[in-house]
>>> print(open('my_file_8.cif').read())   # mmCIF, C-alpha atoms
data_work
#
loop_
_atom_site.label_atom_id
_atom_site.label_comp_id
_atom_site.auth_asym_id
_atom_site.auth_seq_id
_atom_site.Cartn_x
_atom_site.Cartn_y
_atom_site.Cartn_z
CA MET O 1 -1.22 -6.16 37.70
CA THR O 2 1.31 -5.43 34.99
CA THR O 3 2.03 -8.10 32.39
CA HIS O 4 4.47 -8.42 29.52
CA ILE O 5 2.89 -9.03 26.14
CA GLN O 6 4.41 -10.95 23.28
CA HIS O 7 5.81 -9.19 20.26
CA PRO O 8 3.46 -9.67 17.25
CA GLU O 9 6.16 -11.74 15.49
CA GLN O 10 5.90 -14.27 18.32
CA LEU O 11 2.14 -14.67 18.04
CA SER O 12 2.25 -16.81 14.90
CA THR O 13 4.58 -19.45 13.58
CA THR O 14 4.13 -18.10 10.05
CA THR O 15 4.63 -14.56 8.84
CA LEU O 16 2.21 -12.58 6.69
CA LEU O 17 3.09 -11.13 3.29
CA ARG O 18 0.86 -8.60 1.57
CA PHE O 19 1.57 -8.44 -2.16
CA ALA O 20 -0.02 -7.02 -5.28
CA THR O 21 0.07 -8.11 -8.90
CA ALA O 22 0.06 -5.77 -11.89
CA GLY O 23 0.55 -6.07 -15.61
CA SER O 24 -0.74 -4.97 -18.98
CA VAL O 25 -3.89 -6.40 -20.48
CA ASP O 26 -3.50 -10.05 -21.55
CA ASP O 27 -0.15 -10.45 -19.84
CA GLY O 28 -1.65 -13.42 -17.97
CA LYS O 29 -1.88 -11.84 -14.54
CA SER O 30 -5.10 -13.52 -13.44
CA THR O 31 -3.82 -16.81 -14.84
CA LEU O 32 -0.68 -16.45 -12.72
CA VAL O 33 -2.75 -15.81 -9.60
CA GLY O 34 -5.01 -18.74 -10.43
CA ARG O 35 -1.97 -20.97 -10.96
CA LEU O 36 -0.52 -19.87 -7.62
CA LEU O 37 -3.78 -20.70 -5.84
CA HIS O 38 -4.28 -23.98 -7.71
CA ASP O 39 -0.76 -25.38 -7.46
CA SER O 40 -0.36 -24.36 -3.82
CA LYS O 41 -3.55 -26.33 -3.04
CA SER O 42 -5.34 -23.16 -1.93
CA VAL O 43 -8.50 -23.69 -4.02
CA LEU O 44 -11.58 -25.34 -2.54
CA THR O 45 -13.06 -28.24 -4.48
CA ASP O 46 -16.33 -26.44 -5.20
CA GLN O 47 -14.42 -23.38 -6.48
CA LEU O 48 -12.40 -25.54 -8.86
CA GLU O 49 -15.54 -27.35 -10.04
CA ALA O 50 -17.24 -24.00 -10.75
CA VAL O 51 -14.23 -22.86 -12.79
CA GLU O 52 -14.14 -26.15 -14.72
CA HIS O 53 -17.86 -25.84 -15.47
CA ALA O 54 -17.49 -22.21 -16.62
CA SER O 55 -14.51 -23.16 -18.78
CA ARG O 56 -16.38 -26.02 -20.45
CA SER O 57 -19.35 -23.76 -21.16
CA ARG O 58 -16.94 -21.47 -23.04
CA GLY O 59 -15.59 -24.38 -25.08
CA GLN O 60 -12.30 -24.72 -23.22
CA GLU O 61 -10.98 -28.19 -22.46
CA ALA O 62 -8.68 -27.23 -19.59
CA PRO O 63 -9.92 -25.13 -16.65
CA ASP O 64 -9.27 -21.41 -17.13
CA LEU O 65 -7.50 -20.58 -13.87
CA ALA O 66 -7.97 -16.84 -14.48
CA LEU O 67 -11.62 -17.34 -13.50
CA LEU O 68 -10.51 -17.97 -9.92
CA THR O 69 -9.83 -14.23 -9.58
CA ASP O 70 -11.90 -12.51 -12.27
CA GLY O 71 -15.10 -12.58 -10.26
CA LEU O 72 -17.09 -9.77 -11.84
CA ARG O 73 -19.36 -10.71 -14.74
CA ALA O 74 -17.86 -7.91 -16.85
CA GLU O 75 -14.38 -9.27 -16.12
CA ARG O 76 -15.30 -12.76 -17.26
CA GLU O 77 -17.09 -11.52 -20.36
CA GLN O 78 -14.21 -9.29 -21.44
CA GLY O 79 -11.42 -11.49 -20.13
CA ILE O 80 -9.90 -8.60 -18.19
CA THR O 81 -9.52 -7.51 -14.57
CA ILE O 82 -11.46 -4.37 -13.59
CA ASP O 83 -11.71 -4.26 -9.81
CA VAL O 84 -9.07 -5.08 -7.19
CA ALA O 85 -9.60 -8.72 -6.21
CA TYR O 86 -8.28 -9.69 -2.78
CA ARG O 87 -7.38 -13.32 -2.16
CA TYR O 88 -6.20 -14.99 1.03
CA PHE O 89 -4.14 -18.15 0.98
CA ALA O 90 -1.43 -19.86 2.98
CA THR O 91 1.39 -22.36 2.70
CA PRO O 92 3.17 -24.07 5.59
CA ARG O 93 5.83 -21.34 5.43
CA ARG O 94 3.78 -18.14 5.16
CA ARG O 95 0.33 -16.56 4.98
CA PHE O 96 -0.55 -14.27 2.08
CA ILE O 97 -2.95 -11.44 1.29
CA LEU O 98 -2.96 -10.89 -2.47
CA ALA O 99 -4.35 -7.85 -4.28
CA ASP O 100 -4.91 -8.66 -7.97
CA THR O 101 -5.03 -5.23 -9.63
CA PRO O 102 -6.21 -4.19 -13.11
CA GLY O 103 -3.88 -3.55 -16.03
CA HIS O 104 -5.81 -0.94 -18.02
CA VAL O 105 -4.60 2.67 -17.92
CA GLN O 106 -8.04 3.85 -16.80
CA TYR O 107 -7.78 1.63 -13.70
CA THR O 108 -4.45 3.04 -12.46
CA ARG O 109 -6.27 4.25 -9.35
CA ASN O 110 -7.21 0.64 -8.58
CA MET O 111 -3.56 -0.39 -8.66
CA VAL O 112 -2.74 2.44 -6.25
CA THR O 113 -5.39 1.07 -3.90
CA GLY O 114 -4.09 -2.49 -4.10
CA ALA O 115 -0.40 -1.62 -3.79
CA SER O 116 -0.73 1.00 -1.05
CA THR O 117 -0.38 -1.61 1.71
CA ALA O 118 1.72 -4.14 -0.23
CA GLU O 119 5.21 -5.19 0.82
CA LEU O 120 5.87 -6.74 -2.59
CA ALA O 121 4.61 -6.12 -6.12
CA VAL O 122 4.64 -8.67 -8.94
CA VAL O 123 4.81 -6.91 -12.30
CA LEU O 124 4.02 -9.15 -15.27
CA VAL O 125 5.47 -8.72 -18.74
CA ASP O 126 4.54 -10.66 -21.87
CA ALA O 127 7.81 -12.17 -23.15
CA ARG O 128 6.68 -11.47 -26.73
CA ASN O 129 6.10 -7.76 -26.11
CA GLY O 130 8.77 -6.88 -23.56
CA VAL O 131 8.63 -3.74 -21.44
CA VAL O 132 5.74 -1.54 -22.60
CA GLU O 133 4.26 1.73 -21.38
CA GLN O 134 2.04 0.01 -18.81
CA THR O 135 5.06 -1.88 -17.46
CA ARG O 136 6.83 1.41 -16.80
CA ARG O 137 3.63 2.84 -15.34
CA HIS O 138 3.30 -0.04 -12.88
CA ALA O 139 6.98 0.18 -11.91
CA ALA O 140 6.54 3.90 -11.29
CA VAL O 141 3.44 3.37 -9.14
CA ALA O 142 5.31 0.74 -7.09
CA ALA O 143 8.16 3.23 -6.63
CA LEU O 144 5.75 6.05 -5.70
CA LEU O 145 4.13 3.85 -3.07
CA ARG O 146 7.54 2.81 -1.71
CA VAL O 147 6.87 -0.92 -2.21
CA PRO O 148 10.13 -2.43 -0.90
CA HIS O 149 10.27 -5.54 -3.13
CA VAL O 150 9.39 -5.82 -6.83
CA VAL O 151 9.25 -9.08 -8.81
CA LEU O 152 9.44 -8.94 -12.59
CA ALA O 153 7.58 -12.03 -13.86
CA VAL O 154 8.39 -12.49 -17.55
CA ASN O 155 5.37 -14.54 -18.59
CA LYS O 156 4.52 -16.65 -21.66
CA MET O 157 8.08 -17.93 -22.00
CA ASP O 158 6.56 -20.99 -23.69
CA LEU O 159 5.60 -18.76 -26.63
CA VAL O 160 9.22 -17.66 -27.18
CA ASP O 161 10.63 -21.20 -26.93
CA TYR O 162 11.91 -20.54 -23.41
CA ALA O 163 14.74 -18.47 -24.88
CA GLU O 164 17.16 -17.12 -22.26
CA PRO O 165 18.25 -14.06 -24.36
CA VAL O 166 14.63 -12.86 -24.55
CA PHE O 167 14.31 -13.03 -20.76
CA ALA O 168 17.73 -11.46 -20.15
CA ALA O 169 17.00 -8.45 -22.38
CA ILE O 170 13.64 -7.75 -20.72
CA ALA O 171 15.08 -8.17 -17.22
CA GLU O 172 17.95 -5.80 -17.97
CA GLU O 173 15.69 -3.07 -19.37
CA PHE O 174 13.16 -3.28 -16.54
CA THR O 175 15.78 -3.44 -13.80
CA ALA O 176 17.54 -0.34 -15.10
CA TYR O 177 14.27 1.60 -15.27
CA ALA O 178 13.01 0.53 -11.83
CA ALA O 179 16.39 1.15 -10.21
CA SER O 180 16.40 4.71 -11.61
CA LEU O 181 13.16 5.29 -9.67
CA GLY O 182 14.73 4.13 -6.43
CA VAL O 183 13.11 0.67 -6.19
CA PRO O 184 15.39 -1.01 -3.62
CA GLU O 185 15.08 -4.64 -4.71
CA ILE O 186 14.13 -6.20 -8.07
CA THR O 187 13.91 -9.94 -8.75
CA ALA O 188 13.32 -11.22 -12.30
CA ILE O 189 11.76 -14.67 -12.83
CA PRO O 190 10.94 -16.31 -16.22
CA ILE O 191 7.58 -18.10 -16.07
CA SER O 192 4.71 -19.61 -18.00
CA ALA O 193 1.58 -19.15 -15.92
CA LEU O 194 -0.50 -21.24 -18.30
CA ALA O 195 1.88 -24.21 -18.22
CA GLY O 196 2.97 -23.70 -14.62
CA ASP O 197 6.67 -23.16 -15.34
CA ASN O 198 8.49 -21.55 -12.37
CA VAL O 199 5.25 -20.53 -10.67
CA VAL O 200 5.11 -23.13 -7.91
CA GLU O 201 7.28 -25.87 -9.40
CA PRO O 202 10.66 -25.34 -11.15
CA SER O 203 10.53 -25.49 -14.94
CA ALA O 204 12.05 -28.41 -16.81
CA HIS O 205 12.24 -26.20 -19.91
CA MET O 206 14.49 -23.48 -18.44
CA ASP O 207 17.49 -25.26 -16.94
CA TRP O 208 19.48 -22.08 -17.62
CA TYR O 209 17.56 -20.34 -14.81
CA GLY O 210 18.84 -21.14 -11.34
CA GLY O 211 16.75 -18.74 -9.26
CA PRO O 212 13.61 -19.31 -7.16
CA THR O 213 10.09 -19.97 -8.42
CA VAL O 214 7.50 -17.26 -7.82
CA LEU O 215 6.06 -19.04 -4.78
CA GLU O 216 9.47 -19.84 -3.36
CA HIS O 217 10.43 -16.17 -3.58
CA LEU O 218 7.14 -15.10 -2.00
CA GLU O 219 7.73 -17.56 0.84
CA THR O 220 11.31 -16.48 1.53
CA VAL O 221 11.51 -12.75 0.76
CA PRO O 222 12.39 -10.97 4.01
CA VAL O 223 9.39 -9.15 5.43
CA SER O 224 9.91 -7.02 8.49
CA HIS O 225 6.86 -6.52 10.68
CA ASP O 226 9.10 -5.28 13.44
CA LEU O 227 8.10 -1.62 13.47
CA THR O 228 9.79 -0.88 16.79
CA ALA O 229 12.67 0.79 14.95
CA CYS O 230 10.26 3.15 13.14
CA HIS O 231 9.18 6.56 14.40
CA ALA O 232 6.58 5.82 17.09
CA ARG O 233 3.19 7.33 16.26
CA PHE O 234 -0.17 6.99 18.04
CA PRO O 235 -3.18 8.76 16.45
CA VAL O 236 -5.88 9.24 19.07
CA GLN O 237 -9.19 7.77 17.97
CA TYR O 238 -11.31 8.08 21.10
CA VAL O 239 -11.09 9.60 24.59
CA ILE O 240 -12.30 7.24 27.33
CA ARG O 241 -13.78 8.92 30.43
CA PRO O 242 -16.02 6.40 32.27
CA GLN O 243 -16.57 8.70 35.31
CA THR O 244 -17.96 5.79 37.27
CA ALA O 245 -17.63 5.03 40.97
CA GLU O 246 -15.04 2.37 40.10
CA HIS O 247 -13.06 4.65 37.77
CA PRO O 248 -13.85 8.24 38.83
CA ASP O 249 -10.66 9.80 37.45
CA TYR O 250 -9.83 7.48 34.56
CA ARG O 251 -8.83 9.28 31.36
CA GLY O 252 -7.45 7.17 28.54
CA TYR O 253 -6.72 7.78 24.88
CA ALA O 254 -7.67 4.85 22.67
CA GLY O 255 -6.48 4.06 19.16
CA GLN O 256 -4.23 1.90 17.03
CA ILE O 257 -0.47 2.36 17.17
CA ALA O 258 0.49 3.39 13.64
CA ALA O 259 4.20 2.67 13.99
CA GLY O 260 6.91 2.01 16.54
CA ALA O 261 6.53 1.14 20.20
CA PHE O 262 5.44 2.99 23.34
CA ARG O 263 6.60 2.26 26.89
CA VAL O 264 5.34 3.22 30.32
CA GLY O 265 7.40 6.11 31.70
CA GLU O 266 8.32 7.43 28.24
CA ALA O 267 8.22 11.19 27.65
CA VAL O 268 5.76 12.05 24.88
CA THR O 269 4.46 15.08 23.01
CA VAL O 270 0.83 15.63 22.02
CA LEU O 271 0.48 17.20 18.57
CA PRO O 272 -0.47 19.65 17.21
CA SER O 273 -0.60 21.44 20.60
CA GLY O 274 2.99 20.52 21.48
CA ARG O 275 2.20 19.82 25.13
CA THR O 276 4.34 17.19 26.83
CA SER O 277 3.76 14.51 29.43
CA THR O 278 4.86 10.98 30.27
CA ILE O 279 3.03 7.69 29.73
CA ALA O 280 1.53 6.63 33.06
CA GLY O 281 0.01 3.40 31.78
CA ILE O 282 -0.90 1.34 28.73
CA ASP O 283 -3.99 -0.87 28.66
CA ALA O 284 -4.27 -3.67 26.08
CA LEU O 285 -7.03 -6.27 25.98
CA GLY O 286 -8.11 -5.41 29.52
CA GLU O 287 -4.62 -5.75 30.97
CA SER O 288 -2.01 -3.19 31.97
CA VAL O 289 1.20 -3.70 30.00
CA ASP O 290 4.66 -2.16 30.06
CA ILE O 291 5.09 -1.83 26.30
CA ALA O 292 2.93 -1.99 23.16
CA TRP O 293 3.82 -2.22 19.47
CA ALA O 294 2.23 -1.35 16.13
CA PRO O 295 -0.35 -2.33 14.98
CA GLN O 296 -1.91 -3.05 18.38
CA SER O 297 -5.02 -1.23 19.52
CA VAL O 298 -4.44 0.11 23.03
CA THR O 299 -5.41 2.81 25.49
CA ILE O 300 -2.66 5.15 26.66
CA ARG O 301 -2.89 7.03 29.97
CA LEU O 302 -0.79 10.14 30.57
CA ALA O 303 0.65 11.38 33.86
CA ASP O 304 -0.60 14.94 33.35
CA ASP O 305 -4.07 16.33 32.70
CA VAL O 306 -3.37 17.34 29.10
CA ASP O 307 -6.05 18.44 26.64
CA VAL O 308 -6.14 15.56 24.12
CA SER O 309 -8.93 14.81 21.65
CA ARG O 310 -9.64 12.69 18.60
CA GLY O 311 -7.26 13.48 15.77
CA ASP O 312 -4.34 14.41 18.01
CA LEU O 313 -1.08 12.50 17.61
CA ILE O 314 1.02 11.18 20.50
CA ALA O 315 4.72 10.78 19.67
CA PRO O 316 8.00 10.47 21.62
CA ALA O 317 9.13 13.87 22.88
CA ASP O 318 12.54 13.46 21.23
CA ASP O 319 11.18 12.14 17.93
CA ALA O 320 8.05 14.13 17.13
CA PRO O 321 7.15 15.07 13.53
CA ALA O 322 7.05 18.68 12.41
CA VAL O 323 3.69 20.41 12.49
CA THR O 324 2.63 22.28 9.37
CA LYS O 325 -0.31 23.81 7.54
CA ASP O 326 1.37 23.46 4.15
CA VAL O 327 1.35 19.98 2.65
CA GLU O 328 3.38 19.21 -0.47
CA ALA O 329 2.70 15.77 -1.85
CA THR O 330 2.40 13.42 -4.77
CA VAL O 331 -1.20 12.37 -5.32
CA CYS O 332 -3.17 9.93 -7.42
CA HIS O 333 -6.54 11.37 -8.36
CA VAL O 334 -9.16 8.65 -7.97
CA ALA O 335 -12.46 10.49 -8.53
CA ASP O 336 -14.24 11.02 -11.83
CA GLN O 337 -14.63 14.73 -11.07
CA PRO O 338 -11.37 16.73 -11.52
CA LEU O 339 -9.27 18.29 -8.79
CA SER O 340 -8.63 21.98 -9.49
CA VAL O 341 -6.49 24.79 -8.08
CA GLY O 342 -8.47 26.79 -5.53
CA GLN O 343 -10.81 23.90 -4.74
CA ARG O 344 -11.94 23.55 -1.12
CA VAL O 345 -11.56 20.03 0.24
CA LEU O 346 -11.32 18.05 3.46
CA LEU O 347 -7.96 16.45 4.24
CA LYS O 348 -8.09 13.22 6.26
CA HIS O 349 -4.82 12.21 7.91
CA THR O 350 -4.96 9.21 10.28
CA THR O 351 -7.85 10.07 12.64
CA ARG O 352 -7.80 13.82 11.94
CA THR O 353 -9.94 15.55 9.31
CA VAL O 354 -9.42 19.28 8.58
CA LYS O 355 -10.60 21.81 6.04
CA ALA O 356 -8.13 22.65 3.28
CA ILE O 357 -7.64 24.47 -0.03
CA VAL O 358 -5.77 23.15 -3.06
CA LYS O 359 -3.22 25.92 -3.31
CA ASP O 360 -1.31 24.73 -6.38
CA ILE O 361 -0.92 21.81 -8.78
CA PRO O 362 2.69 22.33 -9.92
CA SER O 363 2.86 19.37 -12.29
CA ARG O 364 1.30 16.21 -13.67
CA LEU O 365 3.50 13.16 -14.09
CA THR O 366 3.70 11.31 -17.40
CA LEU O 367 4.53 7.84 -16.20
CA ASP O 368 5.67 6.34 -19.48
CA ASP O 369 8.76 8.58 -19.61
CA LEU O 370 8.57 10.28 -16.17
CA SER O 371 8.35 13.74 -17.75
CA GLN O 372 6.60 16.51 -15.82
CA HIS O 373 3.75 18.42 -17.44
CA PRO O 374 3.95 21.81 -15.67
CA ALA O 375 0.97 23.70 -14.27
CA PRO O 376 -1.82 21.46 -15.59
CA GLY O 377 -4.40 23.44 -13.61
CA GLN O 378 -6.29 20.30 -12.64
CA LEU O 379 -5.96 16.55 -12.27
CA VAL O 380 -8.49 14.13 -13.75
CA ALA O 381 -9.20 10.48 -12.92
CA ASN O 382 -6.06 8.30 -12.76
CA ASP O 383 -3.71 11.30 -13.04
CA ILE O 384 -0.66 11.36 -10.78
CA GLY O 385 0.76 14.76 -9.96
CA ARG O 386 2.21 17.11 -7.38
CA VAL O 387 -0.07 19.27 -5.25
CA VAL O 388 0.34 21.91 -2.57
CA VAL O 389 -2.46 22.06 -0.01
CA ARG O 390 -3.01 24.66 2.73
CA THR O 391 -4.93 23.33 5.75
CA ALA O 392 -7.05 25.31 8.19
CA GLU O 393 -5.44 23.56 11.17
CA PRO O 394 -1.89 22.26 11.65
CA LEU O 395 -1.08 18.62 10.93
CA ALA O 396 1.65 16.37 12.32
CA LEU O 397 2.64 14.80 9.02
CA ASP O 398 5.61 12.52 8.31
CA ALA O 399 7.21 12.13 4.91
CA TYR O 400 5.70 9.14 3.12
CA ALA O 401 9.24 7.77 2.62
CA ASP O 402 9.58 7.56 6.41
CA SER O 403 6.13 6.22 7.20
CA ARG O 404 3.55 4.93 4.75
CA ARG O 405 0.90 5.17 7.47
CA THR O 406 1.45 8.68 8.84
CA GLY O 407 2.79 10.10 5.57
CA SER O 408 -0.39 9.35 3.61
CA PHE O 409 -3.68 11.20 3.47
CA LEU O 410 -6.93 11.55 1.53
CA LEU O 411 -8.56 14.59 -0.02
CA ILE O 412 -12.34 14.41 0.31
CA ASP O 413 -15.19 16.36 -1.30
CA PRO O 414 -16.84 18.26 1.60
CA ALA O 415 -20.19 18.28 -0.22
CA ASP O 416 -20.82 14.54 -0.46
CA GLY O 417 -17.88 12.80 1.24
CA THR O 418 -16.47 11.37 -2.01
CA THR O 419 -12.79 10.44 -1.89
CA LEU O 420 -11.04 12.61 -4.46
CA THR O 421 -7.35 11.96 -4.11
CA ALA O 422 -4.86 9.67 -2.36
CA GLY O 423 -1.78 11.60 -1.24
CA MET O 424 1.82 10.78 -0.28
CA ALA O 425 3.65 13.58 1.51
CA GLY O 426 7.19 14.51 0.53
CA ALA O 427 9.28 13.65 -2.53
CA SER O 428 7.77 11.64 -5.39
CA PHE O 429 10.42 8.96 -5.73
CA ALA O 430 13.15 7.76 -3.41
CA ALA O 431 15.74 8.99 -5.90
CA GLU O 432 14.34 12.52 -5.64
CA ALA O 433 14.12 12.73 -1.86
CA GLU O 434 17.60 14.12 -1.31
CA ALA O 435 17.23 16.78 -3.99
CA GLU O 436 13.82 17.88 -2.73
CA ALA O 437 15.03 18.16 0.87
CA GLY O 438 16.73 21.44 -0.03
CA ALA O 439 13.73 22.98 -1.75
CA SER O 440 12.65 26.29 -0.24
CA ALA O 441 9.18 26.87 1.13
CA THR O 442 6.79 28.98 -0.92
CA ASP O 443 5.33 32.31 0.18
CA ASP O 444 1.93 31.87 1.82
CA ALA O 445 1.05 35.53 2.48
CA GLU O 446 -1.93 35.58 0.15
CA TRP O 447 -3.78 32.77 1.96
CA ASP O 448 -6.55 33.51 4.39
CA PHE O 449 -5.91 30.62 6.76
#
>>> encode(input="my_file_8.cif", output="structure tokens")
Amino acid sequence: MTTHIQHPEQLSTTTLLRFATAGSVDDGKSTLVGRLLHDSKSVLTDQLEAVEHASRSRGQEAPDLALLTDGLRAEREQGITIDVAYRYFATPRRRFILADTPGHVQYTRNMVTGASTAELAVVLVDARNGVVEQTRRHAAVAALLRVPHVVLAVNKMDLVDYAEPVFAAIAEEFTAYAASLGVPEITAIPISALAGDNVVEPSAHMDWYGGPTVLEHLETVPVSHDLTACHARFPVQYVIRPQTAEHPDYRGYAGQIAAGAFRVGEAVTVLPSGRTSTIAGIDALGESVDIAWAPQSVTIRLADDVDVSRGDLIAPADDAPAVTKDVEATVCHVADQPLSVGQRVLLKHTTRTVKAIVKDIPSRLTLDDLSQHPAPGQLVANDIGRVVVRTAEPLALDAYADSRRTGSFLLIDPADGTTLTAGMAGASFAAEAEAEAGASATDDAEWDF
């Protein structure tokens, strides 16, 4: 029996927004998150009581809402955020997954982790300090990760007498910088997280501001989970061959659809081999279906007996990615040990892991002014730079600008399995993509694989 399944958008009356927060130390980021949770009635009674008790023990009269997110003992003692804190909350209009990321320079890698799956980033700025180096760093990371929506939250407006010129100057400077990086949408909101101005409720002190509150913007910003228009990609995770009396000839390829949609009867190509076939059937949740969308987990059956194994990629025959052994990418180095030219690594892309060599590190990015430090030789923890990697086996890799899922990869230490680097294939920033498209390939004659 063949059934028609619902599109994921139809499965829930509320949409889901993944967003990340970032800001310099003491910009009030955790207080903003705490205020969002508190004022949207997303805090359990016992959680609020624990925060009130902890606040009183520190001599504070009012509850310190930052304690709702700063869960590590070191965070509470220092009054800073160290790890990425994930929080889940909901309003009648939308569900949210929030990644509260650290502000310190040495925790840049944590922000990359939190923002890598975000559809929106909230960048906080202290109204007294304006745009600082960390502000530019966070805007650059959001641009590198192709976060489609960025909110500039100018915090602590109560400490500058809610002055509109202060807000306007900061908003203008930040917007110009972020736009130069190719950030597609920037929304500036003046707030006071401590007092609650323009976080959930509109501020009575800033009648000159006519835009949305932070929560209102989060609830209404357009979020497209309709990936059917994207390049369809299906990384094979497991080959199913029951070989039972009931299913003697069944051969299915199981995995999660990374992007796009697949239909029965569609012509597809299996990469990296390049062999073609058509989809004979799609099984989802024990039922045969005509069509399946990302991010569903399904089993695809092909009409022909094609050699397919874990790590292969199934894509439409007329829209398959190029296969290459040379990967040029922007990376954020996340390990304490450096990444050096000539180093042997493992490259993990979707469900495929291959041996590789770091062929070149052309540059390291200085995020405060976007200057390139040429030929650094190595990258250390929290560095962002360009790398060229040669793989032992071909990969079907998209540009990160086209697909955050199939354009990303990890470099792994083959000795102990430590994650070394998070990579984004293709141009660094959206503004550079067109210029880099014409770059010529380098000569690979001296490489042994």
>>> atom_distance(input="my_file_8.cif", atom1="atom CA of Val345 of chain O", atom2="atom CA of Glu393 of chain O")
13.0 Å
>>> resolve_selection(input="my_file_8.cif", expression="the PyMOL selection byres ((chain O and resi 372-379) around 7)", output="VMD selection string")
chain O and resid 333 338 to 341 361 to 366 370 to 371 380 to 381 383
>>> write_last_selection(input="my_file_8.cif", atoms="C-alpha atoms", output="short mmCIF file (atom, residue, chain, number, x, y, z; two decimals), in the frame of the given file")
data_model
loop_
_atom_site.label_atom_id
_atom_site.label_comp_id
_atom_site.auth_asym_id
_atom_site.auth_seq_id
_atom_site.Cartn_x
_atom_site.Cartn_y
_atom_site.Cartn_z
CA HIS O 333 -6.54 11.37 -8.36
CA PRO O 338 -11.37 16.73 -11.52
CA LEU O 339 -9.27 18.29 -8.79
CA SER O 340 -8.63 21.98 -9.49
CA VAL O 341 -6.49 24.79 -8.08
CA ILE O 361 -0.92 21.81 -8.78
CA PRO O 362 2.69 22.33 -9.92
CA SER O 363 2.86 19.37 -12.29
CA ARG O 364 1.30 16.21 -13.67
CA LEU O 365 3.50 13.16 -14.09
CA THR O 366 3.70 11.31 -17.40
CA LEU O 370 8.57 10.28 -16.17
CA SER O 371 8.35 13.74 -17.75
CA VAL O 380 -8.49 14.13 -13.75
CA ALA O 381 -9.20 10.48 -12.92
CA ASP O 383 -3.71 11.30 -13.04
#
>>> resolve_selection(input="my_file_8.cif", expression="the PyMOL selection byres ((chain O and resi 298) around 7)", output="count of residues only")
10
>>> resolve_selection(input="my_file_8.cif", expression="the PyMOL selection byres ((chain O and resi 351-353) around 12)", output="ChimeraX atom specification")
/O:233-238,254-258,271-272,309-314,345-350,354-356,391-397,405-406,408-414,417
>>> closest_residue(input="my_file_8.cif", among="O:Ala20, O:Val151, O:Ala140, O:Val131", to="Ile97 of chain O", atoms="all atoms listed in the file")
O:Ala20
>>> residues_around(input="my_file_8.cif", residues="segment 213-219 of chain O", least_positions_apart="2", cutoff="9 Å", atoms="only C-alpha atoms", output="ChimeraX atom specification")
/O:17,19,36,40,91,93-96,120,151,153,187,189-191,197-203,211,221-222
>>> write_last_selection(input="my_file_8.cif", atoms="C-alpha atoms", output="short mmCIF file (atom, residue, chain, number, x, y, z; two decimals), keeping the file's coordinate frame")
data_model
loop_
_atom_site.label_atom_id
_atom_site.label_comp_id
_atom_site.auth_asym_id
_atom_site.auth_seq_id
_atom_site.Cartn_x
_atom_site.Cartn_y
_atom_site.Cartn_z
CA LEU O 17 3.09 -11.13 3.29
CA PHE O 19 1.57 -8.44 -2.16
CA LEU O 36 -0.52 -19.87 -7.62
CA SER O 40 -0.36 -24.36 -3.82
CA THR O 91 1.39 -22.36 2.70
CA ARG O 93 5.83 -21.34 5.43
CA ARG O 94 3.78 -18.14 5.16
CA ARG O 95 0.33 -16.56 4.98
CA PHE O 96 -0.55 -14.27 2.08
CA LEU O 120 5.87 -6.74 -2.59
CA VAL O 151 9.25 -9.08 -8.81
CA ALA O 153 7.58 -12.03 -13.86
CA THR O 187 13.91 -9.94 -8.75
CA ILE O 189 11.76 -14.67 -12.83
CA PRO O 190 10.94 -16.31 -16.22
CA ILE O 191 7.58 -18.10 -16.07
CA ASP O 197 6.67 -23.16 -15.34
CA ASN O 198 8.49 -21.55 -12.37
CA VAL O 199 5.25 -20.53 -10.67
CA VAL O 200 5.11 -23.13 -7.91
CA GLU O 201 7.28 -25.87 -9.40
CA PRO O 202 10.66 -25.34 -11.15
CA SER O 203 10.53 -25.49 -14.94
CA GLY O 211 16.75 -18.74 -9.26
CA VAL O 221 11.51 -12.75 0.76
CA PRO O 222 12.39 -10.97 4.01
#
>>> closest_residue(input="my_file_8.cif", among="O:Gly274, O:Pro321, O:Gly385, O:Pro148", to="Ala118 of chain O", atoms="only C-alpha atoms")
O:Pro148
>>> residues_around(input="my_file_8.cif", residues="segment 172-174 of chain O", least_positions_apart="5", cutoff="12 Å", atoms="only C-alpha atoms", output="compact mmCIF listing (two decimals) with C-alpha atoms, in the coordinates of the input")
# COMPACT_ATOMS: atom_id res chain seq x y z
CA VAL O 123 4.81 -6.91 -12.30
CA LEU O 124 4.02 -9.15 -15.27
CA VAL O 125 5.47 -8.72 -18.74
CA GLY O 130 8.77 -6.88 -23.56
CA VAL O 131 8.63 -3.74 -21.44
CA VAL O 132 5.74 -1.54 -22.60
CA GLU O 133 4.26 1.73 -21.38
CA GLN O 134 2.04 0.01 -18.81
CA THR O 135 5.06 -1.88 -17.46
CA ARG O 136 6.83 1.41 -16.80
CA ARG O 137 3.63 2.84 -15.34
CA HIS O 138 3.30 -0.04 -12.88
CA ALA O 139 6.98 0.18 -11.91
CA ALA O 140 6.54 3.90 -11.29
CA VAL O 150 9.39 -5.82 -6.83
CA VAL O 151 9.25 -9.08 -8.81
CA LEU O 152 9.44 -8.94 -12.59
CA ALA O 153 7.58 -12.03 -13.86
CA VAL O 154 8.39 -12.49 -17.55
CA PRO O 165 18.25 -14.06 -24.36
CA VAL O 166 14.63 -12.86 -24.55
CA PHE O 167 14.31 -13.03 -20.76
CA ALA O 179 16.39 1.15 -10.21
CA SER O 180 16.40 4.71 -11.61
CA LEU O 181 13.16 5.29 -9.67
CA VAL O 183 13.11 0.67 -6.19
CA ILE O 186 14.13 -6.20 -8.07
CA THR O 187 13.91 -9.94 -8.75
CA ALA O 188 13.32 -11.22 -12.30
CA ILE O 189 11.76 -14.67 -12.83
